[in-house]
Amino acid sequence: MPNKVVTTPYPLIDADPHASRVVRYFRSSDYATWAAGTAAFPAALYFWNMADPAKVRLTTSLRLGGFFGFVGGFLMAYQRSSLRFWGWSENKREEDLDLAELSQRAAEGKPLYGTSTQPEWVQGTAYRNSAWSQLKFSAFPMFNFVNHPYHGTDPAKYGVKEKELSD
C-alpha cells in the first residue's frame, strides 16, 4: 500500500510518532490545554446545576466530570502535539528537538526510532493502525506504542549512512 503524501505548511517531523515522543515534546500550551479541559468539564456541570438545580448532590458528578475532563484534556493536548509532528501547525521547536535527538542516536550508532522485538508484519500493522489515529480520538483513542521504521522522513538528514540504511 503506498504511503499517502500530504502537503503541509510546515515540515513533516514524523508521520507516526511514538506516544512517548509526543508526550515528551508537549509545550506549555499543551499542558495549559490539558488543565483547561480538566477544569472546564466539572465547571460546566457546576454552572449547569446553578442554572437548573438538581435535587441530588453533585459530588460524584463533579468527580466523574473531573476525570472525563482530565482524559479529554489529555487527548486534546496529545492531538495538538501530533499535529506539530505532522507539520500541520507551527513546529520549529519540535523540529530542532527532533534533529538533535535523532542525530545523537545516529552518531551513537543506535537505530533512529528504537528497536522492537515485534516481527516485521506486526510493526507494519501497528503503523497502519496508528497512522492518522489522532484524528479519530473521539471514536477510538489509539496510540503508537510500537517502534517501527515507518515514519515518512529521510533518515539521511540525521546523519545515517547509506550502508546503515540497507542493513
# chains A, B, ... in the order shown; residues from 1 in each chain; ligands from 1
>>> select_by_dssp(residues="chain A", states="alpha helix (DSSP H)", output="short mmCIF file (atom, residue, chain, number, x, y, z; two decimals) with N, CA, C and O atoms, in the first residue's frame")
data_model
loop_
_atom_site.label_atom_id
_atom_site.label_comp_id
_atom_site.auth_asym_id
_atom_site.auth_seq_id
_atom_site.Cartn_x
_atom_site.Cartn_y
_atom_site.Cartn_z
N ALA A 19 4.21 7.27 21.09
CA ALA A 19 3.45 8.01 22.10
C ALA A 19 4.37 8.73 23.09
O ALA A 19 4.08 9.86 23.50
N SER A 20 5.49 8.10 23.46
CA SER A 20 6.38 8.75 24.43
C SER A 20 7.01 10.02 23.84
O SER A 20 7.22 10.98 24.57
N ARG A 21 7.30 10.02 22.54
CA ARG A 21 7.86 11.22 21.91
C ARG A 21 6.82 12.33 21.88
O ARG A 21 7.14 13.50 22.08
N VAL A 22 5.58 11.99 21.58
CA VAL A 22 4.53 13.01 21.52
C VAL A 22 4.40 13.69 22.88
O VAL A 22 4.33 14.92 22.97
N VAL A 23 4.39 12.91 23.95
CA VAL A 23 4.24 13.48 25.29
C VAL A 23 5.51 14.23 25.70
O VAL A 23 5.42 15.31 26.30
N ARG A 24 6.68 13.71 25.36
CA ARG A 24 7.93 14.41 25.70
C ARG A 24 8.03 15.77 25.02
O ARG A 24 8.65 16.68 25.55
N SER A 28 4.23 24.08 26.79
CA SER A 28 3.47 24.57 27.95
C SER A 28 2.02 24.85 27.55
O SER A 28 1.11 24.69 28.36
N SER A 29 1.78 25.25 26.30
CA SER A 29 0.41 25.48 25.85
C SER A 29 -0.38 24.17 25.81
O SER A 29 -1.60 24.17 26.02
N ASP A 30 0.30 23.05 25.58
CA ASP A 30 -0.39 21.75 25.61
C ASP A 30 -0.80 21.40 27.04
O ASP A 30 -1.89 20.89 27.27
N TYR A 31 0.10 21.67 27.99
CA TYR A 31 -0.25 21.43 29.39
C TYR A 31 -1.39 22.36 29.82
O TYR A 31 -2.26 21.96 30.60
N ALA A 32 -1.40 23.59 29.31
CA ALA A 32 -2.49 24.52 29.62
C ALA A 32 -3.81 24.01 29.04
O ALA A 32 -4.87 24.11 29.68
N THR A 33 -3.77 23.46 27.84
CA THR A 33 -4.97 22.87 27.22
C THR A 33 -5.48 21.71 28.05
O THR A 33 -6.68 21.57 28.29
N TRP A 34 -4.55 20.88 28.52
CA TRP A 34 -4.91 19.74 29.37
C TRP A 34 -5.56 20.23 30.66
O TRP A 34 -6.61 19.72 31.08
N ALA A 35 -4.97 21.23 31.29
CA ALA A 35 -5.52 21.77 32.53
C ALA A 35 -6.88 22.42 32.30
O ALA A 35 -7.81 22.26 33.12
N ALA A 36 -7.02 23.14 31.20
CA ALA A 36 -8.30 23.78 30.89
C ALA A 36 -9.39 22.73 30.67
O ALA A 36 -10.52 22.91 31.15
N GLY A 37 -9.05 21.65 29.97
CA GLY A 37 -10.03 20.58 29.78
C GLY A 37 -10.42 19.93 31.09
O GLY A 37 -11.59 19.61 31.32
N THR A 38 -9.43 19.75 31.97
CA THR A 38 -9.69 19.14 33.27
C THR A 38 -10.62 20.02 34.10
O THR A 38 -11.52 19.52 34.78
N ALA A 39 -10.42 21.31 34.06
CA ALA A 39 -11.23 22.23 34.86
C ALA A 39 -12.58 22.54 34.22
O ALA A 39 -13.57 22.76 34.92
N ALA A 40 -12.63 22.57 32.89
CA ALA A 40 -13.84 23.01 32.19
C ALA A 40 -15.02 22.05 32.37
O ALA A 40 -16.16 22.50 32.53
N PHE A 41 -14.76 20.76 32.35
CA PHE A 41 -15.87 19.80 32.41
C PHE A 41 -16.61 19.90 33.74
O PHE A 41 -17.85 20.09 33.75
N PRO A 42 -15.93 19.78 34.89
CA PRO A 42 -16.70 19.91 36.14
C PRO A 42 -17.26 21.32 36.35
O PRO A 42 -18.33 21.49 36.95
N ALA A 43 -16.56 22.34 35.84
CA ALA A 43 -17.08 23.71 35.95
C ALA A 43 -18.38 23.85 35.18
O ALA A 43 -19.34 24.48 35.66
N ALA A 44 -18.44 23.26 34.00
CA ALA A 44 -19.68 23.30 33.22
C ALA A 44 -20.81 22.59 33.96
O ALA A 44 -21.95 23.09 33.99
N LEU A 45 -20.51 21.46 34.58
CA LEU A 45 -21.54 20.76 35.36
C LEU A 45 -22.02 21.61 36.53
O LEU A 45 -23.22 21.67 36.82
N TYR A 46 -21.08 22.26 37.20
CA TYR A 46 -21.43 23.09 38.36
C TYR A 46 -22.33 24.25 37.94
O TYR A 46 -23.35 24.52 38.57
N PHE A 47 -21.93 24.95 36.87
CA PHE A 47 -22.73 26.10 36.42
C PHE A 47 -24.07 25.67 35.83
O PHE A 47 -25.06 26.38 35.95
N TRP A 48 -24.10 24.52 35.22
CA TRP A 48 -25.36 23.99 34.71
C TRP A 48 -26.29 23.71 35.89
O TRP A 48 -27.49 23.98 35.84
N ASN A 49 -25.74 23.19 36.98
CA ASN A 49 -26.55 22.94 38.17
C ASN A 49 -27.04 24.24 38.80
O ASN A 49 -28.12 24.28 39.37
N MET A 50 -26.25 25.30 38.70
CA MET A 50 -26.69 26.59 39.22
C MET A 50 -27.87 27.12 38.41
O MET A 50 -28.80 27.73 38.95
N ALA A 51 -27.85 26.89 37.09
CA ALA A 51 -28.93 27.37 36.24
C ALA A 51 -30.20 26.54 36.41
O ALA A 51 -31.31 27.08 36.36
N THR A 59 -21.42 15.78 44.16
CA THR A 59 -20.07 15.32 44.44
C THR A 59 -19.60 14.27 43.44
O THR A 59 -18.54 14.40 42.83
N THR A 60 -20.38 13.23 43.25
CA THR A 60 -19.99 12.16 42.34
C THR A 60 -19.93 12.67 40.90
O THR A 60 -19.01 12.34 40.15
N SER A 61 -20.91 13.48 40.52
CA SER A 61 -20.92 14.02 39.16
C SER A 61 -19.71 14.89 38.89
O SER A 61 -19.11 14.83 37.81
N LEU A 62 -19.33 15.72 39.86
CA LEU A 62 -18.17 16.58 39.68
C LEU A 62 -16.87 15.78 39.59
O LEU A 62 -15.97 16.10 38.82
N ARG A 63 -16.77 14.72 40.40
CA ARG A 63 -15.57 13.87 40.34
C ARG A 63 -15.48 13.16 38.99
O ARG A 63 -14.42 13.09 38.38
N LEU A 64 -16.59 12.61 38.56
CA LEU A 64 -16.62 11.95 37.26
C LEU A 64 -16.35 12.95 36.14
O LEU A 64 -15.61 12.66 35.19
N GLY A 65 -16.91 14.14 36.27
CA GLY A 65 -16.65 15.20 35.29
C GLY A 65 -15.18 15.61 35.28
O GLY A 65 -14.62 15.88 34.23
N GLY A 66 -14.57 15.64 36.45
CA GLY A 66 -13.13 15.93 36.52
C GLY A 66 -12.31 14.87 35.81
O GLY A 66 -11.35 15.18 35.10
N PHE A 67 -12.69 13.61 35.98
CA PHE A 67 -11.99 12.52 35.30
C PHE A 67 -12.15 12.63 33.79
O PHE A 67 -11.18 12.53 33.03
N PHE A 68 -13.39 12.85 33.33
CA PHE A 68 -13.62 12.99 31.89
C PHE A 68 -12.89 14.21 31.33
O PHE A 68 -12.36 14.17 30.22
N GLY A 69 -12.87 15.29 32.10
CA GLY A 69 -12.12 16.47 31.67
C GLY A 69 -10.63 16.21 31.59
O GLY A 69 -9.95 16.67 30.67
N PHE A 70 -10.11 15.43 32.55
CA PHE A 70 -8.70 15.08 32.55
C PHE A 70 -8.34 14.26 31.30
O PHE A 70 -7.37 14.56 30.61
N VAL A 71 -9.16 13.26 31.01
CA VAL A 71 -8.91 12.41 29.84
C VAL A 71 -9.09 13.22 28.55
O VAL A 71 -8.25 13.16 27.64
N GLY A 72 -10.16 13.98 28.47
CA GLY A 72 -10.39 14.78 27.27
C GLY A 72 -9.33 15.85 27.06
O GLY A 72 -8.89 16.09 25.93
N GLY A 73 -8.89 16.47 28.15
CA GLY A 73 -7.82 17.47 28.04
C GLY A 73 -6.52 16.84 27.57
O GLY A 73 -5.79 17.42 26.76
N PHE A 74 -6.21 15.63 28.08
CA PHE A 74 -5.01 14.94 27.62
C PHE A 74 -5.09 14.62 26.14
O PHE A 74 -4.13 14.81 25.39
N LEU A 75 -6.24 14.12 25.69
CA LEU A 75 -6.39 13.79 24.27
C LEU A 75 -6.26 15.03 23.40
O LEU A 75 -5.66 14.98 22.31
N MET A 76 -6.78 16.16 23.85
CA MET A 76 -6.62 17.41 23.08
C MET A 76 -5.15 17.83 23.02
O MET A 76 -4.66 18.23 21.96
N ALA A 77 -4.45 17.75 24.14
CA ALA A 77 -3.03 18.12 24.18
C ALA A 77 -2.22 17.17 23.31
O ALA A 77 -1.32 17.60 22.57
N TYR A 78 -2.52 15.89 23.36
CA TYR A 78 -1.82 14.89 22.55
C TYR A 78 -2.05 15.16 21.06
O TYR A 78 -1.13 15.08 20.25
N GLN A 79 -3.28 15.49 20.71
CA GLN A 79 -3.59 15.78 19.32
C GLN A 79 -2.86 17.03 18.84
O GLN A 79 -2.32 17.05 17.73
N ARG A 80 -2.80 18.07 19.66
CA ARG A 80 -2.09 19.29 19.28
C ARG A 80 -0.61 19.01 19.05
O ARG A 80 -0.02 19.50 18.09
N SER A 81 0.01 18.19 19.90
CA SER A 81 1.40 17.84 19.73
C SER A 81 1.59 17.01 18.46
O SER A 81 2.57 17.19 17.72
N SER A 82 0.68 16.09 18.19
CA SER A 82 0.76 15.27 16.99
C SER A 82 0.64 16.10 15.72
O SER A 82 1.32 15.84 14.73
N LEU A 83 -0.21 17.11 15.74
CA LEU A 83 -0.36 17.97 14.58
C LEU A 83 0.95 18.68 14.25
O LEU A 83 1.27 18.91 13.09
N ARG A 84 1.72 19.01 15.27
CA ARG A 84 3.03 19.63 15.03
C ARG A 84 4.00 18.61 14.43
O ARG A 84 4.81 18.97 13.57
N PHE A 85 3.95 17.35 14.87
CA PHE A 85 4.80 16.32 14.27
C PHE A 85 4.46 16.15 12.79
O PHE A 85 5.35 15.91 11.98
N TRP A 86 3.20 16.25 12.43
CA TRP A 86 2.77 16.07 11.05
C TRP A 86 3.04 17.30 10.20
O TRP A 86 2.87 17.24 8.99
N LYS A 92 8.67 24.58 14.73
CA LYS A 92 10.11 24.85 14.72
C LYS A 92 10.79 24.25 15.95
O LYS A 92 11.86 23.65 15.86
N ARG A 93 10.19 24.42 17.12
CA ARG A 93 10.78 23.87 18.36
C ARG A 93 10.91 22.36 18.26
O ARG A 93 11.96 21.79 18.58
N GLU A 94 9.85 21.68 17.82
CA GLU A 94 9.87 20.23 17.71
C GLU A 94 10.87 19.77 16.65
O GLU A 94 11.54 18.75 16.81
N GLU A 95 10.97 20.53 15.58
CA GLU A 95 11.92 20.19 14.51
C GLU A 95 13.35 20.22 15.04
O GLU A 95 14.15 19.31 14.77
N ASP A 96 13.68 21.25 15.83
CA ASP A 96 15.03 21.35 16.41
C ASP A 96 15.29 20.23 17.42
O ASP A 96 16.36 19.63 17.43
N LEU A 97 14.30 19.94 18.27
CA LEU A 97 14.45 18.85 19.24
C LEU A 97 14.62 17.51 18.54
O LEU A 97 15.46 16.69 18.93
N ASP A 98 13.83 17.28 17.50
CA ASP A 98 13.90 16.03 16.75
C ASP A 98 15.26 15.87 16.09
O ASP A 98 15.87 14.80 16.16
N LEU A 99 15.74 16.93 15.46
CA LEU A 99 17.04 16.86 14.78
C LEU A 99 18.15 16.56 15.78
O LEU A 99 19.01 15.72 15.53
N ALA A 100 18.13 17.22 16.93
CA ALA A 100 19.16 16.99 17.94
C ALA A 100 19.07 15.57 18.50
O ALA A 100 20.09 14.87 18.61
N GLU A 101 17.87 15.12 18.83
CA GLU A 101 17.69 13.79 19.43
C GLU A 101 18.08 12.67 18.47
O GLU A 101 18.86 11.78 18.83
N LEU A 102 17.58 12.72 17.25
CA LEU A 102 17.83 11.62 16.32
C LEU A 102 19.24 11.68 15.72
O LEU A 102 19.81 10.64 15.39
N SER A 103 19.82 12.87 15.60
CA SER A 103 21.21 12.97 15.15
C SER A 103 22.14 12.36 16.19
O SER A 103 23.13 11.69 15.84
N GLN A 104 21.84 12.57 17.45
CA GLN A 104 22.64 11.97 18.52
C GLN A 104 22.51 10.44 18.49
O GLN A 104 23.51 9.74 18.61
N ARG A 105 21.30 9.94 18.28
CA ARG A 105 21.11 8.48 18.18
C ARG A 105 21.88 7.92 16.99
O ARG A 105 22.49 6.85 17.08
N ALA A 106 21.87 8.64 15.87
CA ALA A 106 22.60 8.18 14.68
C ALA A 106 24.10 8.20 14.92
O ALA A 106 24.81 7.28 14.52
N ALA A 107 24.60 9.23 15.62
CA ALA A 107 26.03 9.32 15.91
C ALA A 107 26.48 8.20 16.85
O ALA A 107 27.61 7.73 16.76
N GLU A 120 8.28 -8.10 11.76
CA GLU A 120 8.08 -7.02 10.79
C GLU A 120 6.61 -6.82 10.44
O GLU A 120 6.16 -5.68 10.31
N TRP A 121 5.86 -7.89 10.30
CA TRP A 121 4.46 -7.75 9.93
C TRP A 121 3.65 -7.09 11.04
O TRP A 121 2.70 -6.35 10.78
N VAL A 122 4.02 -7.31 12.30
CA VAL A 122 3.33 -6.67 13.42
C VAL A 122 3.66 -5.17 13.43
O VAL A 122 2.78 -4.34 13.67
N GLN A 123 4.92 -4.84 13.16
CA GLN A 123 5.31 -3.43 13.09
C GLN A 123 4.53 -2.71 11.99
O GLN A 123 4.05 -1.59 12.19
N GLY A 124 4.41 -3.36 10.82
CA GLY A 124 3.65 -2.76 9.72
C GLY A 124 2.19 -2.58 10.07
O GLY A 124 1.58 -1.56 9.76
N THR A 125 1.62 -3.59 10.71
CA THR A 125 0.21 -3.50 11.12
C THR A 125 0.02 -2.40 12.16
O THR A 125 -0.95 -1.64 12.10
N ALA A 126 0.95 -2.32 13.10
CA ALA A 126 0.86 -1.27 14.12
C ALA A 126 0.92 0.11 13.48
O ALA A 126 0.18 1.02 13.86
N TYR A 127 1.80 0.27 12.49
CA TYR A 127 1.88 1.55 11.78
C TYR A 127 0.57 1.86 11.06
O TYR A 127 0.04 2.97 11.17
N ARG A 128 0.05 0.89 10.32
CA ARG A 128 -1.18 1.14 9.56
C ARG A 128 -2.36 1.43 10.48
O ARG A 128 -3.25 2.21 10.13
N ASN A 129 -2.39 0.83 11.67
CA ASN A 129 -3.48 1.08 12.60
C ASN A 129 -3.35 2.43 13.30
O ASN A 129 -4.35 3.06 13.62
N SER A 130 -2.12 2.85 13.59
CA SER A 130 -1.97 4.07 14.39
C SER A 130 -1.72 5.32 13.54
O SER A 130 -1.83 6.42 14.06
N GLU A 162 24.30 5.55 4.11
CA GLU A 162 23.57 4.69 3.18
C GLU A 162 23.74 3.21 3.51
O GLU A 162 22.81 2.43 3.40
N LYS A 163 24.92 2.82 3.96
CA LYS A 163 25.18 1.42 4.31
C LYS A 163 24.31 0.99 5.49
O LYS A 163 23.76 -0.10 5.51
N GLU A 164 24.15 1.89 6.48
CA GLU A 164 23.33 1.58 7.65
C GLU A 164 21.86 1.44 7.27
O GLU A 164 21.12 0.71 7.89
N LEU A 165 21.44 2.20 6.25
CA LEU A 165 20.05 2.14 5.84
C LEU A 165 19.71 0.80 5.21
O LEU A 165 18.60 0.29 5.34
N SER A 166 20.66 0.20 4.52
CA SER A 166 20.39 -1.06 3.85
C SER A 166 20.42 -2.25 4.81
O SER A 166 19.94 -3.32 4.48
#
>>> atom_distance(atom1="atom CA of His151 of chain A", atom2="atom CA of Tyr113 of chain A")
8.7 Å
>>> closest_residue(among="A:Ser138, A:Asn147, A:Ser89, A:Ser133", to="Pro111 of chain A", atoms="only C-alpha atoms")
A:Asn147
